[in-house]
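> The following file, start.tsv, comprises TSV, C-alpha atoms:
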```tsv
chain	number	residue	atom	x	y	z
A	1	MET	CA	17.32	-2.28	-4.56
A	2	ARG	CA	16.37	-2.51	-8.23
A	3	SER	CA	12.75	-3.14	-9.19
A	4	GLU	CA	10.69	-3.55	-12.35
A	5	GLU	CA	7.08	-4.34	-13.23
A	6	ILE	CA	6.17	-6.71	-16.05
A	7	GLN	CA	2.77	-7.48	-17.55
A	8	ILE	CA	1.69	-11.09	-18.08
A	9	ARG	CA	-1.28	-11.94	-20.31
A	10	THR	CA	-3.05	-14.86	-18.63
A	11	GLY	CA	-6.17	-14.80	-20.80
A	12	ALA	CA	-9.60	-16.15	-19.90
A	13	ASP	CA	-8.50	-19.54	-18.51
A	14	GLU	CA	-7.02	-20.59	-15.17
A	15	VAL	CA	-3.28	-20.74	-15.64
A	16	VAL	CA	0.07	-21.55	-14.09
A	17	HIS	CA	2.43	-19.27	-16.04
A	18	ASP	CA	6.17	-19.92	-15.80
A	19	LEU	CA	7.96	-16.66	-14.89
A	20	THR	CA	11.46	-18.16	-14.63
A	21	SER	CA	12.75	-16.80	-17.95
A	22	GLU	CA	11.41	-13.30	-17.12
A	23	CYS	CA	13.16	-13.51	-13.73
A	24	GLN	CA	16.43	-14.60	-15.35
A	25	ARG	CA	16.16	-11.76	-17.89
A	26	PHE	CA	15.63	-9.30	-15.04
A	27	LEU	CA	18.81	-10.59	-13.34
A	28	SER	CA	20.90	-10.65	-16.54
A	29	ASP	CA	22.91	-7.53	-15.56
A	30	GLU	CA	23.55	-8.76	-12.02
A	31	ASN	CA	26.71	-10.63	-11.05
A	32	GLY	CA	26.50	-10.46	-7.28
A	33	ASP	CA	24.59	-12.18	-4.51
A	34	GLY	CA	21.23	-11.14	-3.12
A	35	LEU	CA	17.53	-11.93	-3.12
A	36	LEU	CA	14.98	-11.83	-5.91
A	37	HIS	CA	11.53	-10.97	-4.63
A	38	VAL	CA	8.58	-11.74	-6.92
A	39	TRP	CA	5.36	-9.93	-5.97
A	40	VAL	CA	1.91	-10.07	-7.60
A	41	PRO	CA	-0.13	-7.03	-6.45
A	42	HIS	CA	-3.50	-8.68	-7.05
A	43	ALA	CA	-6.10	-10.03	-4.62
A	44	THR	CA	-6.73	-13.08	-6.81
A	45	ALA	CA	-3.30	-14.39	-7.92
A	46	GLY	CA	-0.32	-16.08	-6.34
A	47	VAL	CA	3.29	-17.13	-6.90
A	48	ALA	CA	4.39	-20.75	-6.58
A	49	ILE	CA	7.71	-22.50	-7.00
A	50	ILE	CA	6.92	-25.84	-8.62
A	51	GLU	CA	7.95	-28.17	-11.41
A	52	THR	CA	6.28	-27.33	-14.73
A	53	GLY	CA	5.82	-29.21	-17.97
A	54	ALA	CA	5.40	-32.66	-16.39
A	55	GLY	CA	1.79	-32.19	-15.28
A	56	SER	CA	2.42	-30.53	-11.92
A	57	ASP	CA	1.04	-27.22	-13.15
A	58	ASP	CA	-2.25	-28.89	-14.14
A	59	ASP	CA	-2.20	-30.87	-10.88
A	60	LEU	CA	-1.94	-27.61	-8.93
A	61	LEU	CA	-5.00	-26.17	-10.69
A	62	THR	CA	-6.89	-29.44	-10.08
A	63	ALA	CA	-5.95	-29.38	-6.38
A	64	LEU	CA	-7.08	-25.77	-6.05
A	65	GLU	CA	-10.42	-26.67	-7.68
A	66	ARG	CA	-10.88	-29.51	-5.18
A	67	ILE	CA	-9.94	-27.36	-2.19
A	68	LEU	CA	-11.77	-24.26	-3.42
A	69	PRO	CA	-14.58	-25.42	-5.72
A	70	ARG	CA	-16.31	-22.81	-7.86
A	71	ASP	CA	-19.74	-24.27	-7.14
A	72	VAL	CA	-19.68	-23.39	-3.43
A	73	LYS	CA	-21.87	-20.44	-2.47
A	74	TRP	CA	-19.11	-17.97	-1.70
A	75	ARG	CA	-20.09	-14.79	0.17
A	76	HIS	CA	-17.89	-12.74	-2.16
A	77	ARG	CA	-20.08	-12.81	-5.27
A	78	HIS	CA	-19.13	-10.22	-7.87
A	79	GLY	CA	-17.63	-11.42	-11.15
A	80	THR	CA	-18.12	-14.83	-12.73
A	81	PRO	CA	-19.83	-17.57	-10.69
A	82	GLY	CA	-17.49	-18.91	-8.00
A	83	HIS	CA	-15.23	-15.85	-8.13
A	84	GLY	CA	-15.14	-15.75	-4.33
A	85	ARG	CA	-12.73	-18.70	-4.41
A	86	ASP	CA	-10.26	-16.58	-6.39
A	87	HIS	CA	-10.06	-14.19	-3.43
A	88	VAL	CA	-9.36	-17.05	-1.01
A	89	MET	CA	-6.72	-18.70	-3.23
A	90	PRO	CA	-3.85	-16.32	-2.25
A	91	ALA	CA	-4.15	-17.57	1.34
A	92	LEU	CA	-3.00	-20.97	-0.02
A	93	VAL	CA	-0.72	-19.77	-2.83
A	94	PRO	CA	0.73	-16.49	-1.51
A	95	PRO	CA	1.19	-13.50	-3.82
A	96	TYR	CA	4.98	-13.49	-3.38
A	97	ALA	CA	8.15	-15.58	-3.35
A	98	THR	CA	11.76	-14.76	-2.47
A	99	ILE	CA	14.58	-16.68	-4.15
A	100	PRO	CA	18.30	-16.48	-3.27
A	101	VAL	CA	20.59	-15.28	-6.07
A	102	LEU	CA	24.28	-16.24	-6.10
A	103	GLY	CA	26.63	-14.67	-8.63
A	104	GLY	CA	23.63	-13.29	-10.51
A	105	VAL	CA	22.05	-16.75	-10.88
A	106	LEU	CA	18.78	-17.95	-9.35
A	107	THR	CA	19.43	-20.81	-6.92
A	108	LEU	CA	16.43	-22.86	-7.99
A	109	GLY	CA	16.51	-26.64	-7.74
A	110	THR	CA	16.78	-28.77	-10.87
A	111	TRP	CA	13.04	-29.00	-11.51
A	112	GLN	CA	11.87	-25.78	-9.86
A	113	SER	CA	10.24	-22.92	-11.74
A	114	ILE	CA	8.83	-19.62	-10.51
A	115	CYS	CA	5.17	-19.47	-11.53
A	116	LEU	CA	2.29	-17.03	-11.52
A	117	VAL	CA	-0.88	-18.86	-10.44
A	118	ASP	CA	-4.04	-17.19	-11.72
A	119	THR	CA	-7.50	-18.70	-11.23
A	120	ASN	CA	-9.37	-15.46	-11.93
A	121	VAL	CA	-10.80	-15.76	-15.43
A	122	ASP	CA	-12.17	-12.19	-15.20
A	123	ASN	CA	-8.73	-10.54	-15.27
A	124	PRO	CA	-6.74	-11.38	-18.45
A	125	VAL	CA	-3.61	-9.31	-17.64
A	126	ARG	CA	-1.51	-9.45	-14.47
A	127	THR	CA	1.22	-7.23	-13.12
A	128	VAL	CA	4.28	-8.86	-11.57
A	129	ARG	CA	6.90	-6.84	-9.70
A	130	LEU	CA	10.45	-8.21	-9.71
A	131	SER	CA	12.83	-6.71	-7.13
A	132	PHE	CA	16.50	-7.51	-6.58
A	133	LEU	CA	17.99	-6.75	-3.20
A	134	ALA	CA	21.78	-6.97	-3.43
A	135	GLY	CA	23.57	-8.71	-0.58
```
Kindly transcribe the structure held in the file into structure tokens.


Amino acid sequence: MRSEEIQIRTGADEVVHDLTSECQRFLSDENGDGLLHVWVPHATAGVAIIETGAGSDDDLLTALERILPRDVKWRHRHGTPGHGRDHVMPALVPPYATIPVLGGVLTLGTWQSICLVDTNVDNPVRTVRLSFLAG
């Protein structure tokens, strides 16, 4: 298995950050089959495979705000107001995804992208671990 950590600057806003190009770069020396595992070792971030650039990324953040509103009195209360929701979010958007790789190429669908989902405005930099398990 080959593995690498990358740092993603998400800033002070909720974000859906497209990781697809970073994943492709990581696989650039591979020519075989296997699995790419994308892991975010944070308690307040997730990984989603969605369409980006056509509004779906904003729709995802809107849906998360509706499902997990900041204005609820969360029991987990450190950080900015409503931060407790950020700790619940990974139960809905898990902190990992595994994508098949064939001939060194991600087997994503036409409109699919691999995205970091970060609703925690208190943490401006995220670590993402990319691991390739050869078949």

> Can you tell me, as a compact mmCIF listing (two decimals) with C-alpha atoms, keeping the file's coordinate frame, what residues are no more than 7 Å from A:Trp74 when counting only C-alpha atoms, ignoring any on the same chain fewer than 2 positions away?


```txt
# COMPACT_ATOMS: atom_id res chain seq x y z
CA VAL A 72 -19.68 -23.39 -3.43
CA HIS A 76 -17.89 -12.74 -2.16
CA ARG A 77 -20.08 -12.81 -5.27
CA GLY A 82 -17.49 -18.91 -8.00
CA GLY A 84 -15.14 -15.75 -4.33
CA ARG A 85 -12.73 -18.70 -4.41
```

> With only C-alpha atoms counted, which protein, DNA or RNA residues have an atom no more than 12 Å from (22.1, -20.6, -8.7) in the file frame? Please answer as a count of residues only.

21

> Given only C-alpha atoms as the basis, pick out the residue of A:Leu92, A:Thr98, A:Leu61, A:Pro69 nearest to A:Asp13.

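Among A:Leu92, A:Thr98, A:Leu61, A:Pro69, it is A:Leu61 that comes nearest to A:Asp13.
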
> If you measure from atom CA of A:Asp18 to atom CA of A:Asn120, what distance in Å do you get, rounded to one decimal?

16.6 Å

> Name the closest residue to A:Arg70 among the candidates A:Asp57, A:Val93, A:Thr44, A:Thr119; distances are taken between atoms, counting only C-alpha atoms.

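With only C-alpha atoms as the atom set, the closest residue is A:Thr119.
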
> Taking the structure I provided as the source, export stretch 34-50 of chain A with all heavy atoms, as a PDB file, in the first residue's frame.


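Written output follows (decode34.pdb):
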```pdb
ATOM      1  N   GLY A  34      -6.691  -1.327  -8.481  1.00  0.00           N
ATOM      2  CA  GLY A  34      -6.692  -1.325  -7.024  1.00  0.00           C
ATOM      3  C   GLY A  34      -7.792  -0.437  -6.493  1.00  0.00           C
ATOM      4  O   GLY A  34      -8.792  -0.177  -7.165  1.00  0.00           O
ATOM      5  N   LEU A  35      -7.587   0.035  -5.279  1.00  0.00           N
ATOM      6  CA  LEU A  35      -8.558   0.900  -4.605  1.00  0.00           C
ATOM      7  C   LEU A  35      -7.858   2.143  -4.086  1.00  0.00           C
ATOM      8  O   LEU A  35      -6.772   2.052  -3.506  1.00  0.00           O
ATOM      9  CB  LEU A  35      -9.208   0.173  -3.428  1.00  0.00           C
ATOM     10  CG  LEU A  35     -10.033  -1.066  -3.742  1.00  0.00           C
ATOM     11  CD1 LEU A  35     -10.429  -1.777  -2.449  1.00  0.00           C
ATOM     12  CD2 LEU A  35     -11.261  -0.697  -4.561  1.00  0.00           C
ATOM     13  N   LEU A  36      -8.488   3.297  -4.293  1.00  0.00           N
ATOM     14  CA  LEU A  36      -8.038   4.528  -3.668  1.00  0.00           C
ATOM     15  C   LEU A  36      -8.929   4.767  -2.463  1.00  0.00           C
ATOM     16  O   LEU A  36     -10.157   4.820  -2.591  1.00  0.00           O
ATOM     17  CB  LEU A  36      -8.145   5.727  -4.619  1.00  0.00           C
ATOM     18  CG  LEU A  36      -7.825   7.072  -3.959  1.00  0.00           C
ATOM     19  CD1 LEU A  36      -6.353   7.158  -3.576  1.00  0.00           C
ATOM     20  CD2 LEU A  36      -8.226   8.224  -4.855  1.00  0.00           C
ATOM     21  N   HIS A  37      -8.308   4.901  -1.306  1.00  0.00           N
ATOM     22  CA  HIS A  37      -9.048   5.210  -0.088  1.00  0.00           C
ATOM     23  C   HIS A  37      -8.712   6.645   0.300  1.00  0.00           C
ATOM     24  O   HIS A  37      -7.539   7.015   0.385  1.00  0.00           O
ATOM     25  CB  HIS A  37      -8.672   4.246   1.041  1.00  0.00           C
ATOM     26  CG  HIS A  37      -9.534   4.403   2.247  1.00  0.00           C
ATOM     27  ND1 HIS A  37     -10.832   3.961   2.295  1.00  0.00           N
ATOM     28  CD2 HIS A  37      -9.286   4.971   3.443  1.00  0.00           C
ATOM     29  CE1 HIS A  37     -11.351   4.245   3.467  1.00  0.00           C
ATOM     30  NE2 HIS A  37     -10.436   4.861   4.191  1.00  0.00           N
ATOM     31  N   VAL A  38      -9.747   7.458   0.499  1.00  0.00           N
ATOM     32  CA  VAL A  38      -9.597   8.854   0.895  1.00  0.00           C
ATOM     33  C   VAL A  38     -10.124   8.968   2.319  1.00  0.00           C
ATOM     34  O   VAL A  38     -11.277   8.625   2.590  1.00  0.00           O
ATOM     35  CB  VAL A  38     -10.384   9.787  -0.056  1.00  0.00           C
ATOM     36  CG1 VAL A  38     -10.173  11.237   0.339  1.00  0.00           C
ATOM     37  CG2 VAL A  38      -9.982   9.546  -1.509  1.00  0.00           C
ATOM     38  N   TRP A  39      -9.277   9.444   3.227  1.00  0.00           N
ATOM     39  CA  TRP A  39      -9.601   9.467   4.657  1.00  0.00           C
ATOM     40  C   TRP A  39      -9.315  10.863   5.208  1.00  0.00           C
ATOM     41  O   TRP A  39      -8.259  11.441   4.937  1.00  0.00           O
ATOM     42  CB  TRP A  39      -8.745   8.432   5.378  1.00  0.00           C
ATOM     43  CG  TRP A  39      -8.708   8.526   6.865  1.00  0.00           C
ATOM     44  CD1 TRP A  39      -7.646   8.921   7.637  1.00  0.00           C
ATOM     45  CD2 TRP A  39      -9.756   8.221   7.785  1.00  0.00           C
ATOM     46  NE1 TRP A  39      -7.981   8.872   8.970  1.00  0.00           N
ATOM     47  CE2 TRP A  39      -9.277   8.447   9.086  1.00  0.00           C
ATOM     48  CE3 TRP A  39     -11.073   7.779   7.621  1.00  0.00           C
ATOM     49  CZ2 TRP A  39     -10.051   8.255  10.217  1.00  0.00           C
ATOM     50  CZ3 TRP A  39     -11.848   7.582   8.747  1.00  0.00           C
ATOM     51  CH2 TRP A  39     -11.335   7.809  10.034  1.00  0.00           C
ATOM     52  N   VAL A  40     -10.258  11.417   5.957  1.00  0.00           N
ATOM     53  CA  VAL A  40     -10.100  12.717   6.603  1.00  0.00           C
ATOM     54  C   VAL A  40     -10.074  12.462   8.112  1.00  0.00           C
ATOM     55  O   VAL A  40     -11.117  12.184   8.705  1.00  0.00           O
ATOM     56  CB  VAL A  40     -11.267  13.667   6.232  1.00  0.00           C
ATOM     57  CG1 VAL A  40     -11.067  15.021   6.877  1.00  0.00           C
ATOM     58  CG2 VAL A  40     -11.394  13.802   4.733  1.00  0.00           C
ATOM     59  N   PRO A  41      -8.889  12.540   8.749  1.00  0.00           N
ATOM     60  CA  PRO A  41      -8.787  12.235  10.177  1.00  0.00           C
ATOM     61  C   PRO A  41      -9.201  13.411  11.060  1.00  0.00           C
ATOM     62  O   PRO A  41      -8.412  13.926  11.851  1.00  0.00           O
ATOM     63  CB  PRO A  41      -7.309  11.881  10.345  1.00  0.00           C
ATOM     64  CG  PRO A  41      -6.627  12.724   9.319  1.00  0.00           C
ATOM     65  CD  PRO A  41      -7.579  12.795   8.148  1.00  0.00           C
ATOM     66  N   HIS A  42     -10.440  13.843  10.885  1.00  0.00           N
ATOM     67  CA  HIS A  42     -10.981  14.952  11.669  1.00  0.00           C
ATOM     68  C   HIS A  42     -12.370  14.572  12.162  1.00  0.00           C
ATOM     69  O   HIS A  42     -13.117  13.886  11.454  1.00  0.00           O
ATOM     70  CB  HIS A  42     -11.081  16.231  10.832  1.00  0.00           C
ATOM     71  CG  HIS A  42      -9.760  16.750  10.370  1.00  0.00           C
ATOM     72  ND1 HIS A  42      -8.923  17.471  11.183  1.00  0.00           N
ATOM     73  CD2 HIS A  42      -9.129  16.634   9.172  1.00  0.00           C
ATOM     74  CE1 HIS A  42      -7.823  17.794  10.512  1.00  0.00           C
ATOM     75  NE2 HIS A  42      -7.924  17.292   9.295  1.00  0.00           N
ATOM     76  N   ALA A  43     -12.753  15.050  13.319  1.00  0.00           N
ATOM     77  CA  ALA A  43     -14.069  14.753  13.894  1.00  0.00           C
ATOM     78  C   ALA A  43     -15.165  15.645  13.332  1.00  0.00           C
ATOM     79  O   ALA A  43     -16.325  15.492  13.693  1.00  0.00           O
ATOM     80  CB  ALA A  43     -14.013  14.911  15.411  1.00  0.00           C
ATOM     81  N   THR A  44     -14.804  16.577  12.443  1.00  0.00           N
ATOM     82  CA  THR A  44     -15.786  17.545  11.955  1.00  0.00           C
ATOM     83  C   THR A  44     -15.701  17.744  10.441  1.00  0.00           C
ATOM     84  O   THR A  44     -15.993  18.831   9.938  1.00  0.00           O
ATOM     85  CB  THR A  44     -15.605  18.911  12.655  1.00  0.00           C
ATOM     86  OG1 THR A  44     -14.277  19.379  12.417  1.00  0.00           O
ATOM     87  CG2 THR A  44     -15.884  18.809  14.145  1.00  0.00           C
ATOM     88  N   ALA A  45     -15.308  16.724   9.698  1.00  0.00           N
ATOM     89  CA  ALA A  45     -15.229  16.829   8.236  1.00  0.00           C
ATOM     90  C   ALA A  45     -15.619  15.488   7.631  1.00  0.00           C
ATOM     91  O   ALA A  45     -15.593  14.460   8.302  1.00  0.00           O
ATOM     92  CB  ALA A  45     -13.828  17.237   7.794  1.00  0.00           C
ATOM     93  N   GLY A  46     -15.974  15.515   6.360  1.00  0.00           N
ATOM     94  CA  GLY A  46     -16.367  14.295   5.678  1.00  0.00           C
ATOM     95  C   GLY A  46     -15.892  14.276   4.237  1.00  0.00           C
ATOM     96  O   GLY A  46     -15.323  15.256   3.741  1.00  0.00           O
ATOM     97  N   VAL A  47     -16.139  13.153   3.571  1.00  0.00           N
ATOM     98  CA  VAL A  47     -15.796  12.976   2.163  1.00  0.00           C
ATOM     99  C   VAL A  47     -17.062  12.542   1.434  1.00  0.00           C
ATOM    100  O   VAL A  47     -17.734  11.599   1.858  1.00  0.00           O
ATOM    101  CB  VAL A  47     -14.681  11.919   1.968  1.00  0.00           C
ATOM    102  CG1 VAL A  47     -14.387  11.703   0.497  1.00  0.00           C
ATOM    103  CG2 VAL A  47     -13.413  12.332   2.716  1.00  0.00           C
ATOM    104  N   ALA A  48     -17.385  13.254   0.364  1.00  0.00           N
ATOM    105  CA  ALA A  48     -18.571  12.930  -0.426  1.00  0.00           C
ATOM    106  C   ALA A  48     -18.182  12.791  -1.890  1.00  0.00           C
ATOM    107  O   ALA A  48     -17.250  13.442  -2.357  1.00  0.00           O
ATOM    108  CB  ALA A  48     -19.624  14.032  -0.282  1.00  0.00           C
ATOM    109  N   ILE A  49     -18.901  11.937  -2.595  1.00  0.00           N
ATOM    110  CA  ILE A  49     -18.734  11.821  -4.036  1.00  0.00           C
ATOM    111  C   ILE A  49     -20.004  12.393  -4.653  1.00  0.00           C
ATOM    112  O   ILE A  49     -21.078  11.793  -4.545  1.00  0.00           O
ATOM    113  CB  ILE A  49     -18.479  10.363  -4.459  1.00  0.00           C
ATOM    114  CG1 ILE A  49     -17.176   9.882  -3.812  1.00  0.00           C
ATOM    115  CG2 ILE A  49     -18.428  10.258  -5.978  1.00  0.00           C
ATOM    116  CD1 ILE A  49     -16.803   8.471  -4.100  1.00  0.00           C
ATOM    117  N   ILE A  50     -19.869  13.587  -5.231  1.00  0.00           N
ATOM    118  CA  ILE A  50     -21.013  14.311  -5.782  1.00  0.00           C
ATOM    119  C   ILE A  50     -20.586  15.068  -7.040  1.00  0.00           C
ATOM    120  O   ILE A  50     -19.399  15.203  -7.329  1.00  0.00           O
ATOM    121  CB  ILE A  50     -21.611  15.321  -4.772  1.00  0.00           C
ATOM    122  CG1 ILE A  50     -20.612  16.419  -4.427  1.00  0.00           C
ATOM    123  CG2 ILE A  50     -22.110  14.624  -3.523  1.00  0.00           C
ATOM    124  CD1 ILE A  50     -21.218  17.590  -3.673  1.00  0.00           C
TER     125      ILE A  50
END
```
